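So this one's entry-v6.cif, mmCIF, C-alpha atoms:
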data_input
loop_
_atom_site.label_atom_id
_atom_site.label_comp_id
_atom_site.auth_asym_id
_atom_site.auth_seq_id
_atom_site.Cartn_x
_atom_site.Cartn_y
_atom_site.Cartn_z
CA MET A 1 69.43 -80.85 -39.92
CA GLY A 2 66.26 -82.83 -40.69
CA SER A 3 65.71 -86.35 -39.53
CA ALA A 4 65.22 -89.19 -41.96
CA SER A 5 61.71 -89.69 -40.63
CA ALA A 6 60.65 -86.08 -41.22
CA ARG A 7 57.95 -85.85 -43.85
CA GLU A 8 58.19 -83.46 -46.74
CA PRO A 9 55.17 -81.20 -47.14
CA ALA A 10 52.62 -82.38 -49.67
CA ALA A 11 52.88 -80.69 -53.04
CA VAL A 12 50.32 -77.97 -53.63
CA GLU A 13 48.00 -78.84 -56.52
CA LEU A 14 48.04 -75.93 -58.97
CA VAL A 15 45.10 -75.04 -61.22
CA ASP A 16 44.90 -72.66 -64.17
CA ILE A 17 42.16 -70.06 -63.84
CA VAL A 18 40.61 -69.21 -67.21
CA ASP A 19 38.49 -66.43 -68.69
CA ASP A 20 35.34 -67.00 -70.74
CA ASP A 21 37.49 -67.60 -73.84
CA ASP A 22 39.37 -70.39 -72.01
CA ARG A 23 42.58 -68.33 -71.79
CA VAL A 24 44.71 -68.73 -68.66
CA VAL A 25 44.56 -65.59 -66.52
CA ALA A 26 46.14 -66.93 -63.31
CA THR A 27 47.48 -70.06 -61.66
CA VAL A 28 46.43 -70.72 -58.07
CA SER A 29 46.21 -73.58 -55.60
CA ARG A 30 43.21 -75.89 -55.80
CA ALA A 31 42.16 -74.59 -52.37
CA GLU A 32 42.20 -70.99 -53.62
CA MET A 33 40.23 -71.98 -56.72
CA ARG A 34 37.56 -73.69 -54.58
CA ALA A 35 37.43 -70.90 -51.98
CA GLY A 36 37.01 -68.21 -54.63
CA ARG A 37 34.79 -70.26 -56.95
CA LEU A 38 37.20 -69.32 -59.73
CA GLN A 39 36.54 -70.50 -63.29
CA HIS A 40 38.83 -73.39 -64.18
CA ARG A 41 39.10 -76.31 -66.60
CA ALA A 42 37.65 -79.74 -65.91
CA VAL A 43 37.15 -83.05 -67.70
CA SER A 44 34.45 -85.70 -67.53
CA ILE A 45 34.99 -89.12 -69.07
CA ALA A 46 32.03 -91.40 -69.66
CA VAL A 47 32.99 -95.07 -69.67
CA LEU A 48 30.82 -97.36 -71.76
CA SER A 49 31.06 -101.14 -71.76
CA SER A 50 31.28 -102.92 -75.10
CA ASP A 51 27.52 -103.62 -74.77
CA ARG A 52 26.89 -99.85 -74.32
CA ARG A 53 26.10 -99.72 -70.59
CA LEU A 54 27.39 -96.67 -68.71
CA LEU A 55 29.66 -96.99 -65.68
CA VAL A 56 28.18 -94.79 -62.94
CA HIS A 57 29.55 -94.31 -59.46
CA ARG A 58 28.86 -92.80 -56.08
CA ARG A 59 31.49 -90.35 -54.96
CA ALA A 60 33.25 -90.86 -51.64
CA ASP A 61 31.88 -88.83 -48.74
CA THR A 62 35.34 -87.25 -48.34
CA LYS A 63 35.23 -85.45 -51.72
CA ASP A 64 35.65 -81.67 -51.48
CA LEU A 65 32.79 -81.08 -53.92
CA TRP A 66 29.49 -82.96 -54.12
CA PRO A 67 30.40 -85.73 -51.64
CA SER A 68 28.33 -88.94 -51.68
CA MET A 69 26.52 -87.97 -54.88
CA TRP A 70 26.26 -90.24 -57.92
CA ASP A 71 28.21 -89.34 -61.05
CA LEU A 72 28.00 -90.25 -64.73
CA ALA A 73 31.73 -90.04 -65.35
CA ALA A 74 35.24 -90.18 -64.04
CA GLY A 75 36.95 -86.85 -64.14
CA GLY A 76 38.12 -83.80 -62.33
CA VAL A 77 40.08 -80.60 -62.43
CA VAL A 78 42.66 -80.07 -65.18
CA ALA A 79 46.05 -79.37 -63.56
CA ALA A 80 47.99 -76.22 -64.40
CA GLY A 81 49.66 -76.60 -67.80
CA GLU A 82 47.85 -79.87 -68.58
CA THR A 83 45.77 -80.39 -71.73
CA TYR A 84 42.17 -81.53 -71.49
CA ALA A 85 42.99 -84.87 -73.19
CA ASP A 86 45.97 -85.52 -70.90
CA ALA A 87 43.80 -84.75 -67.87
CA ALA A 88 41.16 -87.19 -69.14
CA ARG A 89 43.71 -89.99 -69.43
CA ARG A 90 45.20 -89.16 -66.01
CA GLU A 91 41.78 -89.17 -64.34
CA LEU A 92 40.93 -92.57 -65.85
CA ALA A 93 44.17 -93.98 -64.48
CA GLU A 94 43.75 -92.38 -61.05
CA GLU A 95 40.08 -93.07 -60.49
CA LEU A 96 39.50 -96.33 -62.38
CA GLY A 97 42.98 -97.79 -62.78
CA ILE A 98 42.66 -98.06 -66.56
CA THR A 99 44.63 -96.90 -69.55
CA ALA A 100 42.46 -95.69 -72.40
CA ASP A 101 44.04 -95.89 -75.82
CA GLU A 102 41.23 -93.78 -77.24
CA VAL A 103 39.26 -91.01 -75.60
CA GLU A 104 36.70 -89.42 -77.90
CA ASP A 105 36.21 -85.69 -77.33
CA LEU A 106 32.44 -85.18 -77.16
CA GLY A 107 32.59 -81.40 -76.81
CA GLU A 108 32.85 -78.47 -74.46
CA GLY A 109 30.42 -76.92 -72.05
CA ARG A 110 30.29 -74.43 -69.22
CA PHE A 111 28.80 -74.88 -65.79
CA ARG A 112 28.38 -72.45 -62.93
CA ASP A 113 26.49 -72.78 -59.66
CA GLU A 114 27.01 -71.68 -56.05
CA ASN A 115 29.91 -74.15 -55.66
CA VAL A 116 31.84 -74.14 -58.91
CA ALA A 117 32.56 -72.33 -62.18
CA LEU A 118 34.14 -74.42 -64.93
CA ILE A 119 34.77 -74.95 -68.60
CA GLY A 120 34.54 -78.67 -69.16
CA HIS A 121 35.32 -81.12 -71.91
CA GLY A 122 33.36 -84.33 -72.12
CA TYR A 123 35.07 -87.51 -73.29
CA LEU A 124 33.99 -91.06 -73.99
CA THR A 125 35.92 -94.29 -73.85
CA VAL A 126 34.88 -97.93 -74.18
CA HIS A 127 36.29 -100.25 -71.55
CA ASP A 128 34.98 -103.41 -69.87
CA GLY A 129 37.42 -103.37 -66.95
CA PRO A 130 38.72 -104.65 -64.75
CA PHE A 131 38.76 -101.45 -62.74
CA THR A 132 40.67 -100.63 -59.59
CA PHE A 133 39.61 -97.88 -57.22
CA THR A 134 42.79 -97.04 -55.37
CA ASP A 135 42.55 -93.27 -54.85
CA GLY A 136 39.57 -93.43 -52.47
CA GLU A 137 37.38 -91.11 -54.57
CA ILE A 138 34.76 -93.74 -55.48
CA ALA A 139 32.51 -95.44 -52.94
CA GLU A 140 30.32 -97.61 -55.20
CA VAL A 141 29.98 -98.40 -58.92
CA ARG A 142 27.45 -100.03 -61.21
CA TRP A 143 26.71 -100.44 -64.91
CA ALA A 144 23.49 -98.86 -66.19
CA THR A 145 21.47 -99.00 -69.37
CA ARG A 146 19.62 -95.82 -70.34
CA SER A 147 16.41 -96.96 -68.62
CA GLU A 148 18.32 -97.94 -65.47
CA LEU A 149 20.11 -94.58 -65.54
CA ASP A 150 16.77 -92.75 -65.90
CA HIS A 151 15.53 -94.56 -62.77
CA LEU A 152 18.69 -93.64 -60.85
CA LEU A 153 18.41 -90.01 -61.95
CA ARG A 154 14.87 -89.92 -60.48
CA THR A 155 15.77 -91.63 -57.20
CA GLU A 156 19.35 -90.55 -56.37
CA ARG A 157 21.25 -87.27 -56.16
CA PHE A 158 23.65 -86.79 -59.09
CA VAL A 159 26.55 -84.42 -59.66
CA PRO A 160 24.85 -81.53 -61.49
CA ASP A 161 27.56 -80.51 -63.96
CA ASN A 162 27.71 -83.90 -65.67
CA VAL A 163 23.93 -84.23 -65.81
CA MET A 164 23.73 -80.86 -67.52
CA LEU A 165 26.82 -81.03 -69.74
CA LEU A 166 27.70 -84.67 -70.39
CA LEU A 167 24.36 -86.50 -70.42
CA PRO A 168 23.06 -84.75 -73.57
CA LEU A 169 26.31 -85.66 -75.36
CA LEU A 170 25.63 -89.34 -74.61
CA ASP A 171 22.20 -89.38 -76.24
CA GLY A 172 21.77 -92.39 -78.50
CA ARG A 173 25.00 -94.03 -77.33
CA LEU A 174 23.66 -95.96 -74.34
CA ALA A 175 21.95 -99.33 -74.47
CA PRO A 176 18.21 -98.78 -73.97
#
Do you think you could lay out the structure here as structure tokens?
Amino acid sequence: MGSASAREPAAVELVDIVDDDDRVVATVSRAEMRAGRLQHRAVSIAVLSSDRRLLVHRRADTKDLWPSMWDLAAGGVVAAGETYADAARRELAEELGITADEVEDLGEGRFRDENVALIGHGYLTVHDGPFTFTDGEIAEVRWATRSELDHLLRTERFVPDNVMLLLPLLDGRLAP
């Protein structure tokens, strides 16, 4: 008989593994996906202010991938059985504490390096805040115009998948 103070084990986060046609071929734990560098689905959501500045953030140093690096977007791994759009809305709520009525699908891309293999969808939403950072994934945030972002990209380390996949999709949308 268990005691009332006994903790239940944490739920294992499941991730769909996909082939090059984005068809599910397996479902594994997030840890297995990371360890095997298995191709999975991910979302990235750029948040623009009403005056077209981009919300950028520095990832917490406890992140399992690319800790302490700057990022152009909220986002993350799509959970098993979850749609890309649902994952985008969930990530906005978890990371920024916001509900986005509209998330514009900017397109799909693929990224592979020594750490990760993913099929990603980029999204865009307009929101001026307020934001709350309750899940501990974000260490620092700032708004950036395109010229300020260009300076940051030259002087700071950024998450590579979003620079390669999402940044081109934002061309012409950011305040100069």
**OP:** Evaluate the PyMOL selection byres ((chain A and resi 12-25) around 12) on the structure here and hand back the selected residues as a ChimeraX atom specification.
**Re:** /A:8-11,26-34,36-42,76-84,87,108-112,117-121
Subject >> From A:Asp101, A:Asp113, A:Glu148, A:Asp86, residue lying nearest Leu55 (chain A) [all atoms listed in the file] >> reply: A:Glu148
**OP:** List every protein, DNA or RNA residue that has at least one atom no more than 12 Å from (40.1, -102.2, -56.3) in the file's coordinates, counting all atoms listed in the file, and write the result as a ChimeraX atom specification.
**Re:** /A:94-98,129-141
**OP:** Work out how far apart CA of Glu156 (chain A) and CA of Ser68 (chain A) are and give it in Å to one decimal.
**Re:** 10.3 Å
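Between Val103 (chain A) and the candidates A:Ala35, A:Val56, A:Ala46, A:Leu166, the tightest atom-to-atom separation, counting all atoms listed in the file, involves A:Ala46.
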Subject >> Polymer residues at most 8 Å from Gly107 (chain A), all atoms listed in the file, same-chain spacing of 3 or more positions, as a PyMOL selection string >> reply: chain A and resi 121-123+169
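Residue nearest Arg146 (chain A), chosen from A:Ile45, A:Ala100, A:Leu170, A:Val126 and counting only C-alpha atoms: A:Leu170.
What separates CA of Ala74 (chain A) from CA of Pro176 (chain A) is a distance of 21.5 Å.
Minimum atom-to-atom distances from A:Pro67, A:Val43, A:Arg52, A:Asp61 to Leu165 (chain A) were compared using all atoms listed in the file, and the lowest value belongs to A:Val43.
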Original post:
Could you state the separation of CA of Ala175 (chain A) and CA of Phe158 (chain A) in Å, given to one decimal place?
Top reply: 19.9 Å
**OP:** Using the chain letters and residue numbers of this document, give as a PyMOL selection string the residues selected by the PyMOL selection byres ((chain A and resi 153) around 12).
**Re:** chain A and resi 56+69-72+144+146-152+154-160+162-164+167
Take the selection from the previous step and output its residues with C-alpha atoms, as an mmCIF file, in the frame of the given file.
data_model
loop_
_atom_site.group_PDB
_atom_site.id
_atom_site.type_symbol
_atom_site.label_atom_id
_atom_site.label_comp_id
_atom_site.auth_asym_id
_atom_site.auth_seq_id
_atom_site.Cartn_x
_atom_site.Cartn_y
_atom_site.Cartn_z
ATOM 1 C CA VAL A 56 28.180 -94.790 -62.940
ATOM 2 C CA MET A 69 26.520 -87.970 -54.880
ATOM 3 C CA TRP A 70 26.260 -90.240 -57.920
ATOM 4 C CA ASP A 71 28.210 -89.340 -61.050
ATOM 5 C CA LEU A 72 28.000 -90.250 -64.730
ATOM 6 C CA ALA A 144 23.490 -98.860 -66.190
ATOM 7 C CA ARG A 146 19.620 -95.820 -70.340
ATOM 8 C CA SER A 147 16.410 -96.960 -68.620
ATOM 9 C CA GLU A 148 18.320 -97.940 -65.470
ATOM 10 C CA LEU A 149 20.110 -94.580 -65.540
ATOM 11 C CA ASP A 150 16.770 -92.750 -65.900
ATOM 12 C CA HIS A 151 15.530 -94.560 -62.770
ATOM 13 C CA LEU A 152 18.690 -93.640 -60.850
ATOM 14 C CA ARG A 154 14.870 -89.920 -60.480
ATOM 15 C CA THR A 155 15.770 -91.630 -57.200
ATOM 16 C CA GLU A 156 19.350 -90.550 -56.370
ATOM 17 C CA ARG A 157 21.250 -87.270 -56.160
ATOM 18 C CA PHE A 158 23.650 -86.790 -59.090
ATOM 19 C CA VAL A 159 26.550 -84.420 -59.660
ATOM 20 C CA PRO A 160 24.850 -81.530 -61.490
ATOM 21 C CA ASN A 162 27.710 -83.900 -65.670
ATOM 22 C CA VAL A 163 23.930 -84.230 -65.810
ATOM 23 C CA MET A 164 23.730 -80.860 -67.520
ATOM 24 C CA LEU A 167 24.360 -86.500 -70.420
#
Place N, CA and C atoms on region 91-116 of chain A and deliver the coordinates as a short mmCIF file (atom, residue, chain, number, x, y, z; two decimals), in the frame of the given file.
data_model
loop_
_atom_site.label_atom_id
_atom_site.label_comp_id
_atom_site.auth_asym_id
_atom_site.auth_seq_id
_atom_site.Cartn_x
_atom_site.Cartn_y
_atom_site.Cartn_z
N GLU A 91 42.91 -88.88 -65.23
CA GLU A 91 41.78 -89.17 -64.34
C GLU A 91 41.31 -90.61 -64.47
N LEU A 92 41.30 -91.16 -65.68
CA LEU A 92 40.93 -92.57 -65.85
C LEU A 92 41.89 -93.48 -65.11
N ALA A 93 43.17 -93.17 -65.19
CA ALA A 93 44.17 -93.98 -64.48
C ALA A 93 44.02 -93.84 -62.97
N GLU A 94 43.84 -92.61 -62.49
CA GLU A 94 43.75 -92.38 -61.05
C GLU A 94 42.47 -92.94 -60.44
N GLU A 95 41.36 -92.70 -61.09
CA GLU A 95 40.08 -93.07 -60.49
C GLU A 95 39.65 -94.50 -60.78
N LEU A 96 39.98 -95.01 -61.98
CA LEU A 96 39.50 -96.33 -62.38
C LEU A 96 40.61 -97.34 -62.61
N GLY A 97 41.85 -96.87 -62.59
CA GLY A 97 42.98 -97.79 -62.78
C GLY A 97 43.08 -98.33 -64.18
N ILE A 98 42.61 -97.57 -65.18
CA ILE A 98 42.66 -98.06 -66.56
C ILE A 98 43.45 -97.11 -67.45
N THR A 99 43.99 -97.68 -68.51
CA THR A 99 44.63 -96.90 -69.55
C THR A 99 43.70 -96.94 -70.75
N ALA A 100 43.35 -95.77 -71.24
CA ALA A 100 42.46 -95.69 -72.40
C ALA A 100 43.27 -95.30 -73.62
N ASP A 101 43.33 -96.20 -74.59
CA ASP A 101 44.04 -95.89 -75.82
C ASP A 101 43.33 -94.78 -76.58
N GLU A 102 42.01 -94.80 -76.53
CA GLU A 102 41.23 -93.78 -77.24
C GLU A 102 40.27 -93.11 -76.27
N VAL A 103 40.28 -91.78 -76.28
CA VAL A 103 39.26 -91.01 -75.60
C VAL A 103 38.67 -90.07 -76.64
N GLU A 104 37.39 -90.23 -76.89
CA GLU A 104 36.70 -89.42 -77.90
C GLU A 104 36.23 -88.12 -77.26
N ASP A 105 36.63 -86.99 -77.83
CA ASP A 105 36.21 -85.69 -77.33
C ASP A 105 34.78 -85.44 -77.79
N LEU A 106 33.85 -85.37 -76.85
CA LEU A 106 32.44 -85.18 -77.16
C LEU A 106 32.06 -83.71 -77.27
N GLY A 107 32.89 -82.83 -76.74
CA GLY A 107 32.59 -81.40 -76.81
C GLY A 107 32.84 -80.68 -75.52
N GLU A 108 32.58 -79.38 -75.57
CA GLU A 108 32.85 -78.47 -74.46
C GLU A 108 31.56 -77.89 -73.93
N GLY A 109 31.55 -77.60 -72.65
CA GLY A 109 30.42 -76.92 -72.05
C GLY A 109 30.88 -76.10 -70.86
N ARG A 110 29.99 -75.27 -70.37
CA ARG A 110 30.29 -74.43 -69.22
C ARG A 110 29.25 -74.67 -68.15
N PHE A 111 29.71 -74.65 -66.91
CA PHE A 111 28.80 -74.88 -65.79
C PHE A 111 29.18 -73.93 -64.66
N ARG A 112 28.17 -73.35 -64.06
CA ARG A 112 28.38 -72.45 -62.93
C ARG A 112 27.20 -72.61 -61.97
N ASP A 113 27.52 -72.80 -60.70
CA ASP A 113 26.49 -72.78 -59.66
C ASP A 113 27.11 -72.14 -58.43
N GLU A 114 26.49 -72.31 -57.27
CA GLU A 114 27.01 -71.68 -56.05
C GLU A 114 28.32 -72.29 -55.57
N ASN A 115 28.69 -73.46 -56.10
CA ASN A 115 29.91 -74.15 -55.66
C ASN A 115 31.08 -74.06 -56.63
N VAL A 116 30.79 -73.96 -57.92
CA VAL A 116 31.84 -74.14 -58.91
C VAL A 116 31.55 -73.32 -60.16
#
